[in-house]
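**Q** Please see the structure below; I have some questions.
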Amino acid sequence: MFVAFILFLVVVGTLVFHFWSPYWLTPVASNWGSMDQTLILTFWVTGAVFMAVGLFMVYCVWRYRYQKDRKAEYKPEDKKLEFRLTLLTAIGVVALLAPGLIVWKDFVTVPKNAVEVEVVGYQWGWNYRLPGEDGILGKTDIKNISDNNPYGLDLNDSNSKDDIMVQDADLHLQIDKPVKLLLRSIDALHNFYVPEFRAKMDMVPGMITFYWLTPTKTGEYEILCAELCGTGHYAMLGTVLVEEERDYSNWLAQQITFENALAQNRTILQLAENKK
Amino acid sequence: MPDEFGYKIEAKVDMAASGTSVPPIDYVPVAERPEQELYHSKSWWTTYVFSQDAKYIGIQYTCVATAIALVGLTLSLLMRIQLAFPNLSLLDASVYYQFITMHGMIMVVFFLTALFLGGFGNLLIPLMCGARDMVFPYVNMLSFWVFVLAVLVLVASFFVPGGPTGAGWTLYPPQAITAGTPGNLWGIVLMLVSLVLFVVGFTMGGLNYVITVLQARTRGMTLMRLPLSIWGIFVATILALLAFPALLVGGIMLLLDAVFGTSFFMPASVSMGELLQTEGGSPILFQHLFWFFGHPEVYIVALPAFGIVSDLISVHARKNIFGYRMMVWALVIIGALSFIVWAHHMYVAGMNPWFGYFFATTTLIIAVPTAIKVYNWVLTLWRGNIHLTVPMLFTLGFIITFLNGGLTGLFLGNVVIDVPLSDTYFVVAHFHMVMGIAPVLVVFGAVYHWFPLVTGRMLDQGLGKLHFWITFVGAYMIYTPMYYQGFLGVPRRYFEMYESSYISTVGLNVFITLSALVVGLAQIIFFYNVIRSVLKGEKAEKNPWKANSLEWQTPKMPPEHGNWGEKLPVVYRWPYDFSVPGVDKEHIPQNVSPSEVAGAKVEKT
Amino acid sequence: MDHVTDKLPKGLSGLTHDLGSDQTAFKKVPWGKAMMWIFLLSDTFIFSCFLISLMTARASTTVEWPNASEVFGLNFFGVEVPLLLIAIMTFVLITSSGTMAIAVKFGYEKKRKLCAWFLLLTAIGGLTFVGMQAFEWTKLIFHEGIRPWSNPFGAAQFGSFFFMVTGFHGTHVSIGVIFLFIMARKTWRGDFDTARRGYFTSMKSNYEAIEIMGLYWHFVDLVWVFIFAFFYLW
Amino acid sequence: MAQENKQEVTTHKIGVYLWIWGLLFVFSFFSYMVDYLNFEGLLRWALILLFMFAKAALIMAIFMHLFWERWTIVNVLLWPMSFILVFIGIMVAESEYTFFTRLFYFVVGT
Ligand code: HEA
Ligand code: HEA
Ligand code: CUA
Ligand SMILES: [Cu+2]
């Protein structure tokens with residue numbers, strides 16, 4: 001009795017905790033609400049299975065608890081039952097998987113009109129690069145990295161001159177405009193993750209990874225690094241702002257391009273030189 | 001040939017009841033396998049220390065694995081205290097990362113793998129197969145001592161300059177070997193050396209387990225009459241033999257990267273503002289190698305638990321296991337599938353995006369054979385006669401926690417749901433439910449179950465029940481809230497628990513830590529129980545649980561050197577003949593011939 | 001007795017029969033041999049992982065991969081012959097595999113001396129192979145300037161994989177050579193005829209040990225086939 | 001270990017081994033020629049792999065006696081190789097993808 005009761009409490013308690021506790025997904029702020037839907041579908045299907053199997057077990061424990069004069073049934077196999085259960089489970093699996101794969105297709109096909117934004121992770125912080133007027137990001141090479149050229153941009157690549165550098169500052173995104181985030185790391189693995197956007201992807205040194213999203217809600221969101229990258233991993237936070245078009249353009253106008261930055265650096269160097 | 005094979009094997013068939021045909025044991029030539037030559041120890045050293053008797057080796061493995069598990073447990077409690085009460089400044093960030101790394105690695109590899117395969121494998125395989133010992137006792141002994149060496153090297157890394165590695169148990173490069181990660185010089189090297197030693201030691205043992213099951217069974221013991229415990233351990237051992245190579249290779253390459261400055265996994269990159277000399281390597285390659293090992297590894301700790309639980313549930317519910325053949329096939333299929341799902345750990349690792357389809361599909365397919373196992377456990381309870389003994393309680397706890405953890409695995413396996421949940425506490429909750437509690441509960445159940453076989457004494461049932469309830473309910477309370485932290489996006493491996501601006505989880509965090517402390521301390525009950533019972537526990541009668549499998553049918557209990565005295569047992573039936581209609585005896589051990597239970601209405605052979 | 005085993009069904013029905021039978025799953029296979037087979041299966045996975053890593057590194061690097069047949073060429077009386085040394089090494093290893101097969105045959109037939117002689121031949125073949133490999137390594141390191149971490153010809157991984165994979169294979173060969181010498185001695189002394197107990201294991205052994213040794217040695221040769229194709233010809 | 005010594009004599013004529021030995025040389029020589037004659041592209045690959053597998057098959061079947069073994073052990077040994085095949089397939093696709101991102105986004109060939 002006691003055993004069955006406590007087990008019953010555990011199974012039901014799980015459900016109660018779910019409804020009673022305030023903890024649940026943060027409100028979604030991107031187009032990836034479809035992920036939430038798949039998640040919730042899975043939640044209900046698996047939740048139902050959990051309750052069904054759990055409660056059935058509790059029932060058995062209570063109903064068939066030891067009695068001196070009871071003899072257990074002898075039944076090695078029941079092909080029909082096993083077949084039915086297998087089929088049912090297979091259907092369940094398909095029901096979960098199919099929507100998932102459809103959303104995944106969305107996730108890996110970047111819309112044509114998405115603008116590219118490069119996120120550069122380093123130990124332990126974030127830099128960003130926007131493609132500038134030509135809409136194309138210049139090529140990079142880790143070996144070009146220097147104080148003058150923190151992104152390692154290729155000076156010979158004409159596309160890189162107008163690239164806009166957002167260094168040690170917040171990233172701004174325009175609402176309802178799809179962006180393709182190109183993720184690059186210069187040292188260890190990192191992961192660009194904004195809980196409200198749902199999407200995340202590791203940044204791997206030696207290659208470029210990506211994902212895309214459309215921000216759908218203005219506001220300020222926290223960026224978390226979601227891949228262990230050394231001692232400072234937990235402190236590798238950042239901020240992303242989703243803004244209306246006007247605010248966004250204002251912000252954009254204040255940013256400097258690679259060329260300007262280079263020139264500035266040169267003049268600074270020059271001044272230092274002259275002073276000598 | 002020795003006369004002992006002179007029996008005429010009687011085997012009644014009841015095709016209707018069992019659906020199987022009798023394995024054609026009659027015309028396999030007798031004495032195809034002659035008596036095993038036994039190793040005889042000569043001195044105290046070779047009896048107790050460098051013992052070649054599988055039973056002793058099993059106990060030695062168990063003790064070492066338990067000892068290192070206590071280290072892992074202590075680390076986890078310190079981590080939890082740090083997370084919930086940062087004001088105490090118990091640990092600093094690097095120490096925290098060192099602790100999670102050691103905690104993860106110790107628990108998965110050096111505790112559960114060693115315990116299930118080395119410990120239970122050695123103890124149970126020869127006994128349950130009806131062999132006198134493992135096939136190569138000497139190699140078996142070496143296996144244990146290499147394992148001890150591996151553990152010592154691992155522990156040594158706590159004492160080297162820089163401390164143990166803090167790269168996470170996944171040891172991903174580049175960070176595993178670059179500055180910015182604690183223990184990137186000495187710690188990582190010792191960790192890798194320790195793993196290589198572990199693999200070498202395990203291979204020696206693993207070959208023994210596999211060959212003993214395949215080639216050293218007793219007369220009448222067909223594969224389809226093996227207890228499911230053996231099936232679980234057997235399949236897990238095969239997985240290990242095929243999966244550890246990937247770890248070995250990844251480990252060697254990482255070692256070379258760390259020590260010789262090669263660029264297997266190291267692309268051109270910067271470390272702490274300095275350009276490294278490496279070029280062209282691929283960090284993702286390491287991840288593939290690691291998970292080609294890592295995913296089978298998680299089933300290596302799960303399958304033996306599945307097997308053992310099946311036996312416990314059947315014995316203590318006094319009912320045959322439901323769908324034995326399905327159970328065996330499910331084990332085999334899960335084992336095989338586990339080799340083609342590895343990249344579900346890498347959905348967001350930046351691999352080729354198209355892989356998502358393949359790996360999501362294969363991953364979710366595993367749910368089907370696993371589901372069959374869960375159903376069959378529960379259906380075994382149905383119309384049983386359930387003794388709520390301590391092993392049975394742990395079994396019930398296992399079913400609930402495994403069900404819970406397995407179902408949340410479906411979230412993660414379905415690639416798009418993994419995208420938001422990956423690397424959050426949802427994953428931590430998933431794998432602790434399914435690996436940190438479920439198999440550990442089985443270990444406890446198994447210890448309560450087989451303790452009399454090893455020591456000849458019973459463990460105290462009252463203390464056992466207390467221990468069970470605190471551990472099960474407590475552990476459930478540790479991890480259930482973590483799912484919800486995961487939904488909120490709280491990332492794992494954060495030294496300072498991330499506070500979502502949406503809703504604070506400080507309360508949850510403290511709750512989790514308090515539960516963990518209670519559960520951790522409750523283990524004292526268990527160890528007290530063990531020590532007390534070894535010394536002055538109630539003497540066990542022979543076959544106290546009235547089980548059918550061979551390990552309880554030895555002439556002496558605990559079994560002596562050589563296990564079976566004069567004659568090897570002859571097996572006539574599967575190990576689950578409980579409550580057979582038409583027979584007065586409630587259970588029929590495997591070595592009871594059909595003529596001795598003439599009244600049996602059905603007989604599954 | 002044997003005629004009974006021979007009556008076992010063959011092919012697919014043999015498979016189901018064996019797996020459904022008691023005592024042993026591999027009929028007529030002694031424990032040691034079964035163990036060696038399973039070990040080799042595991043070892044195959046090790047070498048496969050090495051070669052898969054090599055393939056991945058090579059296919060994903062943007063740096064030029066050195067041309068193996070030039071790097072491993074040998075200047076022979078003023079003529080550059082590509083891969084000459086490797087060709088000779090392959091020849092030696094295959095030959096030793098052949099002598100091993102013959103040693104196993106004589107082991108089956110319990111021809112003590114012949115068996116021992118061929119084991120010795122095999123061991124010498126193995127030793128020659130290792131010797132040439134040592135020569136090749138020194139040549140590459142001291143003359144060509146190839147290092148595990150870099151090389152003058154192109155992608156750094158070239159050297160890394162070369163030393164790692166051939167080193168791992170060479171270790172296998174060296175271990176094999178040691179055991180071949182031991183086996184040759186044991187055979188010569190007649191341990192397998194008198195069932196003399198092993199020094200470490202204190203177990204008796206018999207001519208099956210030769211066959212097991214043979215499996216290992218052929219495996220080493222087998223791996224070389226793949227290394228030859230992937231490393232030197234690709 | 002001390003198996004019964006009455007094991008049947010499964011021995012073959014020495015000629016079989018010599019034959020295989022010879023064939024191994026021939027195949028090795030052929031694959032060497034593929035390199036020497038500078039075959040390129042698909043042909044080169046097809047030939048190298050062909051000779052490689054031919055040699056491997058001969059060694060396993062004859063030298064390692066797999067040809068004479070019962071099906072159980074043959075199957076047990078060969079099926080696990082399918083995992084390796086999957087691994088190879090995946091890693092081919094993976095390395096091509098890595099190569100592509102490198103080529104596309106990074107400065108190459110300086
Ligand atoms: C014992 C260990 C164990 C077991 C058995 C499992 C079982 C499963 N695991 Fe888990 N897993 C781990 C240990 C384990 N896992 C560990 C250690 C990690 C993290 C490693 C790290 O990163 O540090 C991990 C991480 C992990 C991830 C990666 C998450 C991430 O990092 O982003 C994924 C993703 O697919 C996953 C999936 C699954 C699935 C689908 C199963 C399935 O096998 C579960 C199948 C079981 C069931 C489904 C329940 C029974 C079924 C029914 C009752 C039928 C009802 C079903 C339907 C309705 C379909 N696991
Ligand atoms: C089997 C595996 C296992 C087990 C048992 C545990 C047990 C516990 N784990 Fe752990 N854990 C991992 C495997 C495991 N863990 C892994 C792989 C990671 C990932 C590491 C990484 O990120 O790199 C991890 C990470 C991890 C984290 C995340 C850290 C982070 O991401 O920042 C946390 C946090 O709370 C945690 C807590 C705990 C706690 C409180 C316990 C326990 O205290 C819970 C209670 C446990 C018991 C009661 C069992 C005790 C058993 C014995 C003492 C043996 C008895 C012996 C016999 C019966 C013979 N673990
Ligand atoms: Cu960057 Cu974690
Ligand atoms: Cu997995």
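In the structure tokens, the first chain shown is A, the next is B, and so on; residue numbers restart at 1 for each chain, and ligands run from 1 in the order shown.
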Identify every residue of chain D that has at least one atom within 7 Å of any atom of chain A, counting only C-alpha atoms, and report the result as a list in words.
**A**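 Here is what falls inside 7 Å: Thr98, Thr101, Arg102, Tyr105, Phe106 and Val107 of chain D.
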**Q** As a quick test: using only C-alpha atoms and all ligand atoms, which residues lie no more than 6 Å away from ligand 1? Give them as a PyMOL selection string.
**A** (chain A and resi 45-46+49+89+92-93) or (chain B and resi 298-299+301-302+344-345+363-364+366-367+370-371+374+403+406-407+409-410+412-413+418+422-423+427+431+434-435)
**Q** Would you mind writing down, as a ChimeraX atom specification, each residue of region 72-154 of chain C that DSSP on the backbone assigns to helix (DSSP H, G or I)?
**A** /C:84-108,112-143
**Q** Which chain B residues are at most 7 Å from chain C (counting only C-alpha atoms), as a list in words?
**A**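 Every residue meeting the condition is included here: Pro23, Pro24, Ile25, Pro29, Tyr138, Leu207, Ile211, Leu214, Gln215, Ala216, Arg217, Thr218, Arg219, Gly220, Met221, Thr222, Leu223, Leu241, Leu242, Pro245, Ala246, Val249, Phe260, Gly261, Thr262, Ser263, Phe264, Gly280 and Gly281 of chain B.
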**Q** Residues up to 7 Å from ligand 2, counting only C-alpha atoms and all ligand atoms: could you list those as a ChimeraX atom specification?
**A** /B:62,66,69-70,73,76-77,79-80,100-101,103-105,107-108,112,168-170,428,432,435-437,440,443-444,447,471,475,492-495,516,519-520,523
**Q** Please identify the residues whose atoms come within 8 Å of ligand 4, using only C-alpha atoms and all ligand atoms, and report them as a list in words.
**A**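 Selection of residues at most 8 Å from ligand 4: Trp291, Gly294, His295, Pro296, Val298, Ser338, Val341, Trp342, Ala343, His344 and His345 of chain B.
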**Q** Enumerate the residues of region 179-352 of chain B with a DSSP assignment of strand (DSSP E or B), computed from the backbone, and present them as an MDAnalysis selection string.
**A** chainID B and resid 222 270:271 274:275
**Q** Once you have the residues from the selection above, write them out as a PDB file, in the first residue's frame, restricted to N, CA, C and O atoms.
**A**
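Below is the file that was written, again.pdb:
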```pdb
ATOM      1  N   THR B 222      21.906 -22.859 -23.711  1.00  0.00           N
ATOM      2  CA  THR B 222      21.917 -22.205 -25.014  1.00  0.00           C
ATOM      3  C   THR B 222      21.890 -20.702 -24.796  1.00  0.00           C
ATOM      4  O   THR B 222      21.618 -20.228 -23.695  1.00  0.00           O
ATOM      5  N   VAL B 270      44.141  31.348 -32.050  1.00  0.00           N
ATOM      6  CA  VAL B 270      44.794  32.258 -31.142  1.00  0.00           C
ATOM      7  C   VAL B 270      44.570  31.728 -29.755  1.00  0.00           C
ATOM      8  O   VAL B 270      43.531  31.127 -29.482  1.00  0.00           O
ATOM      9  N   SER B 271      45.544  31.880 -28.892  1.00  0.00           N
ATOM     10  CA  SER B 271      45.289  31.486 -27.523  1.00  0.00           C
ATOM     11  C   SER B 271      45.794  32.586 -26.611  1.00  0.00           C
ATOM     12  O   SER B 271      46.980  32.904 -26.621  1.00  0.00           O
ATOM     13  N   GLU B 274      47.753  35.131 -28.347  1.00  0.00           N
ATOM     14  CA  GLU B 274      48.925  34.744 -29.116  1.00  0.00           C
ATOM     15  C   GLU B 274      48.590  33.746 -30.191  1.00  0.00           C
ATOM     16  O   GLU B 274      47.833  32.805 -29.961  1.00  0.00           O
ATOM     17  N   LEU B 275      49.182  33.948 -31.344  1.00  0.00           N
ATOM     18  CA  LEU B 275      48.922  33.045 -32.451  1.00  0.00           C
ATOM     19  C   LEU B 275      49.623  31.721 -32.185  1.00  0.00           C
ATOM     20  O   LEU B 275      50.809  31.679 -31.864  1.00  0.00           O
TER      21      LEU B 275
END
```
**Q** Neighbours of ligand 3 at 9 Å or closer, counting only C-alpha atoms and all ligand atoms: which residues, as a ChimeraX atom specification?
**A** /A:121-126,188-192,203,224-237 /B:493-494
**Q** Show me, as CSV, the residues of chain B having an atom within 9 Å of chain D, each with the closest atom pair and its distance in Å, using only C-alpha atoms.
**A**
```
residue,atom,partner,partner_atom,distance
B:Glu32,CA,D:Glu4,CA,8.9
B:Arg33,CA,D:Gln3,CA,7.6
B:Pro34,CA,D:Glu4,CA,6.7
B:Glu35,CA,D:Gln3,CA,8.6
B:Gln36,CA,D:Met1,CA,7.5
B:Glu37,CA,D:Ala2,CA,6.5
B:Val135,CA,D:Met1,CA,7.4
B:Phe136,CA,D:Met1,CA,7.7
B:Leu242,CA,D:Pro80,CA,8.3
B:Ser282,CA,D:Thr98,CA,8.3
B:Ile284,CA,D:Glu94,CA,8.9
B:Leu285,CA,D:Met91,CA,8.3
B:His288,CA,D:Met91,CA,8.4
B:Phe292,CA,D:Phe87,CA,8.4
B:Ala336,CA,D:Phe83,CA,8.5
B:Phe339,CA,D:Phe83,CA,6.3
B:Ile340,CA,D:Phe83,CA,7.0
B:Met351,CA,D:Glu94,CA,6.7
B:Asn352,CA,D:Glu94,CA,5.7
B:Phe355,CA,D:Ile90,CA,8.1
```
**Q** Separation of CA of Glu116 (chain A) and CA of Tyr498 (chain B), in Å?
**A**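 If I compute the distance from CA of Glu116 (chain A) to CA of Tyr498 (chain B), I get 28.9 Å.
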**Q** Report as a list of chain:residue names all protein, DNA and RNA residues lying within 7 Å of region 224-231 of chain C, evaluated on only C-alpha atoms, omitting residues in the same chain fewer than 6 positions from it.
**A** D:Ile48, D:Met52, D:Ala56
**Q** Those residues you just picked out, can you put them in a file as a PDB file, in the first residue's frame with N, CA, C and O atoms?
**A**
```pdb
ATOM      1  N   ILE D  48      43.022   1.179 -57.175  1.00  0.00           N
ATOM      2  CA  ILE D  48      43.670   1.022 -55.866  1.00  0.00           C
ATOM      3  C   ILE D  48      42.761   0.271 -54.913  1.00  0.00           C
ATOM      4  O   ILE D  48      43.176  -0.685 -54.245  1.00  0.00           O
ATOM      5  N   MET D  52      43.293  -3.351 -53.280  1.00  0.00           N
ATOM      6  CA  MET D  52      43.355  -3.377 -51.821  1.00  0.00           C
ATOM      7  C   MET D  52      42.391  -4.426 -51.280  1.00  0.00           C
ATOM      8  O   MET D  52      42.763  -5.286 -50.478  1.00  0.00           O
ATOM      9  N   ALA D  56      43.128  -7.904 -49.314  1.00  0.00           N
ATOM     10  CA  ALA D  56      42.564  -8.112 -47.975  1.00  0.00           C
ATOM     11  C   ALA D  56      41.745  -9.390 -47.953  1.00  0.00           C
ATOM     12  O   ALA D  56      41.849 -10.200 -47.022  1.00  0.00           O
TER      13      ALA D  56
END
```
**Q** Can you tell me, as JSON, numbers by chain, what residues are no more than 7 Å from Ile164 (chain A) when counting only C-alpha atoms, ignoring any on the same chain fewer than 4 positions away?
**A** {"A": [129, 130, 131, 132, 255, 256, 257, 258]}
**Q** Expressed in Å to a single decimal, how great is the separation between CA of Glu541 (chain B) and CA of Lys556 (chain B)?
**A**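 Straight-line distance from CA of Glu541 (chain B) to CA of Lys556 (chain B) works out to 10.8 Å.
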**Q** Hey, list the chain C side of the contact with chain D: 6 Å cut-off, only C-alpha atoms, answer as a list in words.
**A**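 Applying the cut-off to the listed atoms yields Gly11, Leu15, Thr56, Ala59, Ser60, Gly98, Ala101, Lys105, Lys204, Ser205, Leu215 and Leu222 of chain C.
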**Q** Contacts of Leu142 (chain B) at 9 Å or less, counting only C-alpha atoms, minus same-chain residues fewer than 3 places along, as a list in words?
**A**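 Contacts, with the query itself left out: Phe50, Gln52, Pro137, Tyr138, Val139, Trp145, Val146, Phe147, Gly201, Met204 and Gly205 of chain B.
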**Q** Residues as selected, all heavy atoms, written as an mmCIF file, in the first residue's frame, can you do that?
**A**
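File produced: again-v9.cif:
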```
data_model
loop_
_atom_site.group_PDB
_atom_site.id
_atom_site.type_symbol
_atom_site.label_atom_id
_atom_site.label_comp_id
_atom_site.auth_asym_id
_atom_site.auth_seq_id
_atom_site.Cartn_x
_atom_site.Cartn_y
_atom_site.Cartn_z
ATOM 1 N N PHE B 50 46.641 -10.892 -6.124
ATOM 2 C CA PHE B 50 46.701 -11.155 -7.556
ATOM 3 C C PHE B 50 45.859 -12.377 -7.865
ATOM 4 O O PHE B 50 46.305 -13.324 -8.495
ATOM 5 C CB PHE B 50 48.147 -11.323 -8.008
ATOM 6 C CG PHE B 50 48.951 -10.070 -7.802
ATOM 7 C CD1 PHE B 50 49.864 -9.957 -6.768
ATOM 8 C CD2 PHE B 50 48.753 -8.979 -8.642
ATOM 9 C CE1 PHE B 50 50.578 -8.789 -6.570
ATOM 10 C CE2 PHE B 50 49.462 -7.810 -8.444
ATOM 11 C CZ PHE B 50 50.371 -7.716 -7.410
ATOM 12 N N GLN B 52 43.274 -14.892 -9.447
ATOM 13 C CA GLN B 52 42.841 -15.133 -10.816
ATOM 14 C C GLN B 52 41.435 -15.712 -10.841
ATOM 15 O O GLN B 52 40.933 -16.098 -11.877
ATOM 16 C CB GLN B 52 43.810 -16.083 -11.518
ATOM 17 C CG GLN B 52 45.206 -15.521 -11.616
ATOM 18 C CD GLN B 52 46.093 -16.331 -12.516
ATOM 19 O OE1 GLN B 52 45.634 -17.041 -13.399
ATOM 20 N NE2 GLN B 52 47.398 -16.228 -12.304
ATOM 21 N N PRO B 137 42.041 -16.719 -16.980
ATOM 22 C CA PRO B 137 42.109 -16.111 -15.653
ATOM 23 C C PRO B 137 43.287 -15.156 -15.498
ATOM 24 O O PRO B 137 43.169 -14.119 -14.856
ATOM 25 C CB PRO B 137 42.258 -17.303 -14.719
ATOM 26 C CG PRO B 137 41.828 -18.472 -15.500
ATOM 27 C CD PRO B 137 42.088 -18.165 -16.926
ATOM 28 N N TYR B 138 44.383 -15.495 -16.129
ATOM 29 C CA TYR B 138 45.564 -14.656 -15.941
ATOM 30 C C TYR B 138 45.354 -13.282 -16.561
ATOM 31 O O TYR B 138 45.623 -12.249 -15.944
ATOM 32 C CB TYR B 138 46.781 -15.346 -16.568
ATOM 33 C CG TYR B 138 48.075 -14.632 -16.306
ATOM 34 C CD1 TYR B 138 48.715 -14.772 -15.078
ATOM 35 C CD2 TYR B 138 48.645 -13.819 -17.277
ATOM 36 C CE1 TYR B 138 49.891 -14.110 -14.828
ATOM 37 C CE2 TYR B 138 49.824 -13.154 -17.035
ATOM 38 C CZ TYR B 138 50.448 -13.300 -15.811
ATOM 39 O OH TYR B 138 51.609 -12.638 -15.561
ATOM 40 N N VAL B 139 44.827 -13.274 -17.779
ATOM 41 C CA VAL B 139 44.551 -12.011 -18.455
ATOM 42 C C VAL B 139 43.520 -11.211 -17.663
ATOM 43 O O VAL B 139 43.589 -9.988 -17.548
ATOM 44 C CB VAL B 139 44.041 -12.286 -19.883
ATOM 45 C CG1 VAL B 139 43.813 -10.989 -20.622
ATOM 46 C CG2 VAL B 139 45.016 -13.152 -20.631
ATOM 47 N N TRP B 145 44.366 -5.160 -12.660
ATOM 48 C CA TRP B 145 45.474 -4.332 -12.174
ATOM 49 C C TRP B 145 45.781 -3.172 -13.102
ATOM 50 O O TRP B 145 46.193 -2.102 -12.646
ATOM 51 C CB TRP B 145 46.701 -5.196 -11.866
ATOM 52 C CG TRP B 145 46.426 -5.939 -10.599
ATOM 53 C CD1 TRP B 145 46.038 -7.240 -10.479
ATOM 54 C CD2 TRP B 145 46.415 -5.394 -9.287
ATOM 55 N NE1 TRP B 145 45.786 -7.541 -9.177
ATOM 56 C CE2 TRP B 145 46.020 -6.422 -8.414
ATOM 57 C CE3 TRP B 145 46.696 -4.138 -8.745
ATOM 58 C CZ2 TRP B 145 45.902 -6.241 -7.032
ATOM 59 C CZ3 TRP B 145 46.578 -3.952 -7.382
ATOM 60 C CH2 TRP B 145 46.189 -4.999 -6.543
ATOM 61 N N VAL B 146 45.549 -3.353 -14.379
ATOM 62 C CA VAL B 146 45.713 -2.202 -15.273
ATOM 63 C C VAL B 146 44.636 -1.160 -14.955
ATOM 64 O O VAL B 146 44.894 0.048 -14.962
ATOM 65 C CB VAL B 146 45.667 -2.627 -16.748
ATOM 66 C CG1 VAL B 146 45.761 -1.417 -17.650
ATOM 67 C CG2 VAL B 146 46.794 -3.587 -17.051
ATOM 68 N N PHE B 147 43.448 -1.643 -14.631
ATOM 69 C CA PHE B 147 42.381 -0.714 -14.241
ATOM 70 C C PHE B 147 42.792 0.067 -12.996
ATOM 71 O O PHE B 147 42.612 1.289 -12.911
ATOM 72 C CB PHE B 147 41.086 -1.493 -14.007
ATOM 73 C CG PHE B 147 40.017 -0.699 -13.311
ATOM 74 C CD1 PHE B 147 39.433 0.398 -13.928
ATOM 75 C CD2 PHE B 147 39.588 -1.039 -12.034
ATOM 76 C CE1 PHE B 147 38.452 1.140 -13.290
ATOM 77 C CE2 PHE B 147 38.613 -0.299 -11.385
ATOM 78 C CZ PHE B 147 38.044 0.797 -12.016
ATOM 79 N N GLY B 201 43.188 -2.049 -20.237
ATOM 80 C CA GLY B 201 42.759 -2.978 -19.191
ATOM 81 C C GLY B 201 41.402 -3.551 -19.503
ATOM 82 O O GLY B 201 41.167 -4.752 -19.383
ATOM 83 N N MET B 204 41.351 -6.396 -22.079
ATOM 84 C CA MET B 204 41.738 -7.708 -21.588
ATOM 85 C C MET B 204 40.581 -8.391 -20.880
ATOM 86 O O MET B 204 40.324 -9.582 -21.058
ATOM 87 C CB MET B 204 42.908 -7.556 -20.623
ATOM 88 C CG MET B 204 44.142 -7.024 -21.283
ATOM 89 S SD MET B 204 45.533 -7.318 -20.221
ATOM 90 C CE MET B 204 46.034 -5.716 -19.824
ATOM 91 N N GLY B 205 39.868 -7.616 -20.053
ATOM 92 C CA GLY B 205 38.731 -8.208 -19.369
ATOM 93 C C GLY B 205 37.608 -8.519 -20.346
ATOM 94 O O GLY B 205 37.026 -9.598 -20.319
#
```
**Q** How many Å separate CA of Leu453 (chain B) from CA of Ile308 (chain B)?
**A** 15.1 Å
**Q** Mind checking which residues fall within 10 Å of Leu83 (chain B), counting only C-alpha atoms, ignoring those fewer than 3 positions away in the same chain, and posting them as a list in words?
**A**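 Contacts, with the query itself left out: Leu77, Leu78, Met79, Arg80, Pro86, Asn87, Leu88, Ser89, Leu90, Leu91, Tyr96, Tyr494, Phe495, Glu496, Met497, Tyr498, Val506, Asn509, Val510, Ile512 and Thr513 of chain B.
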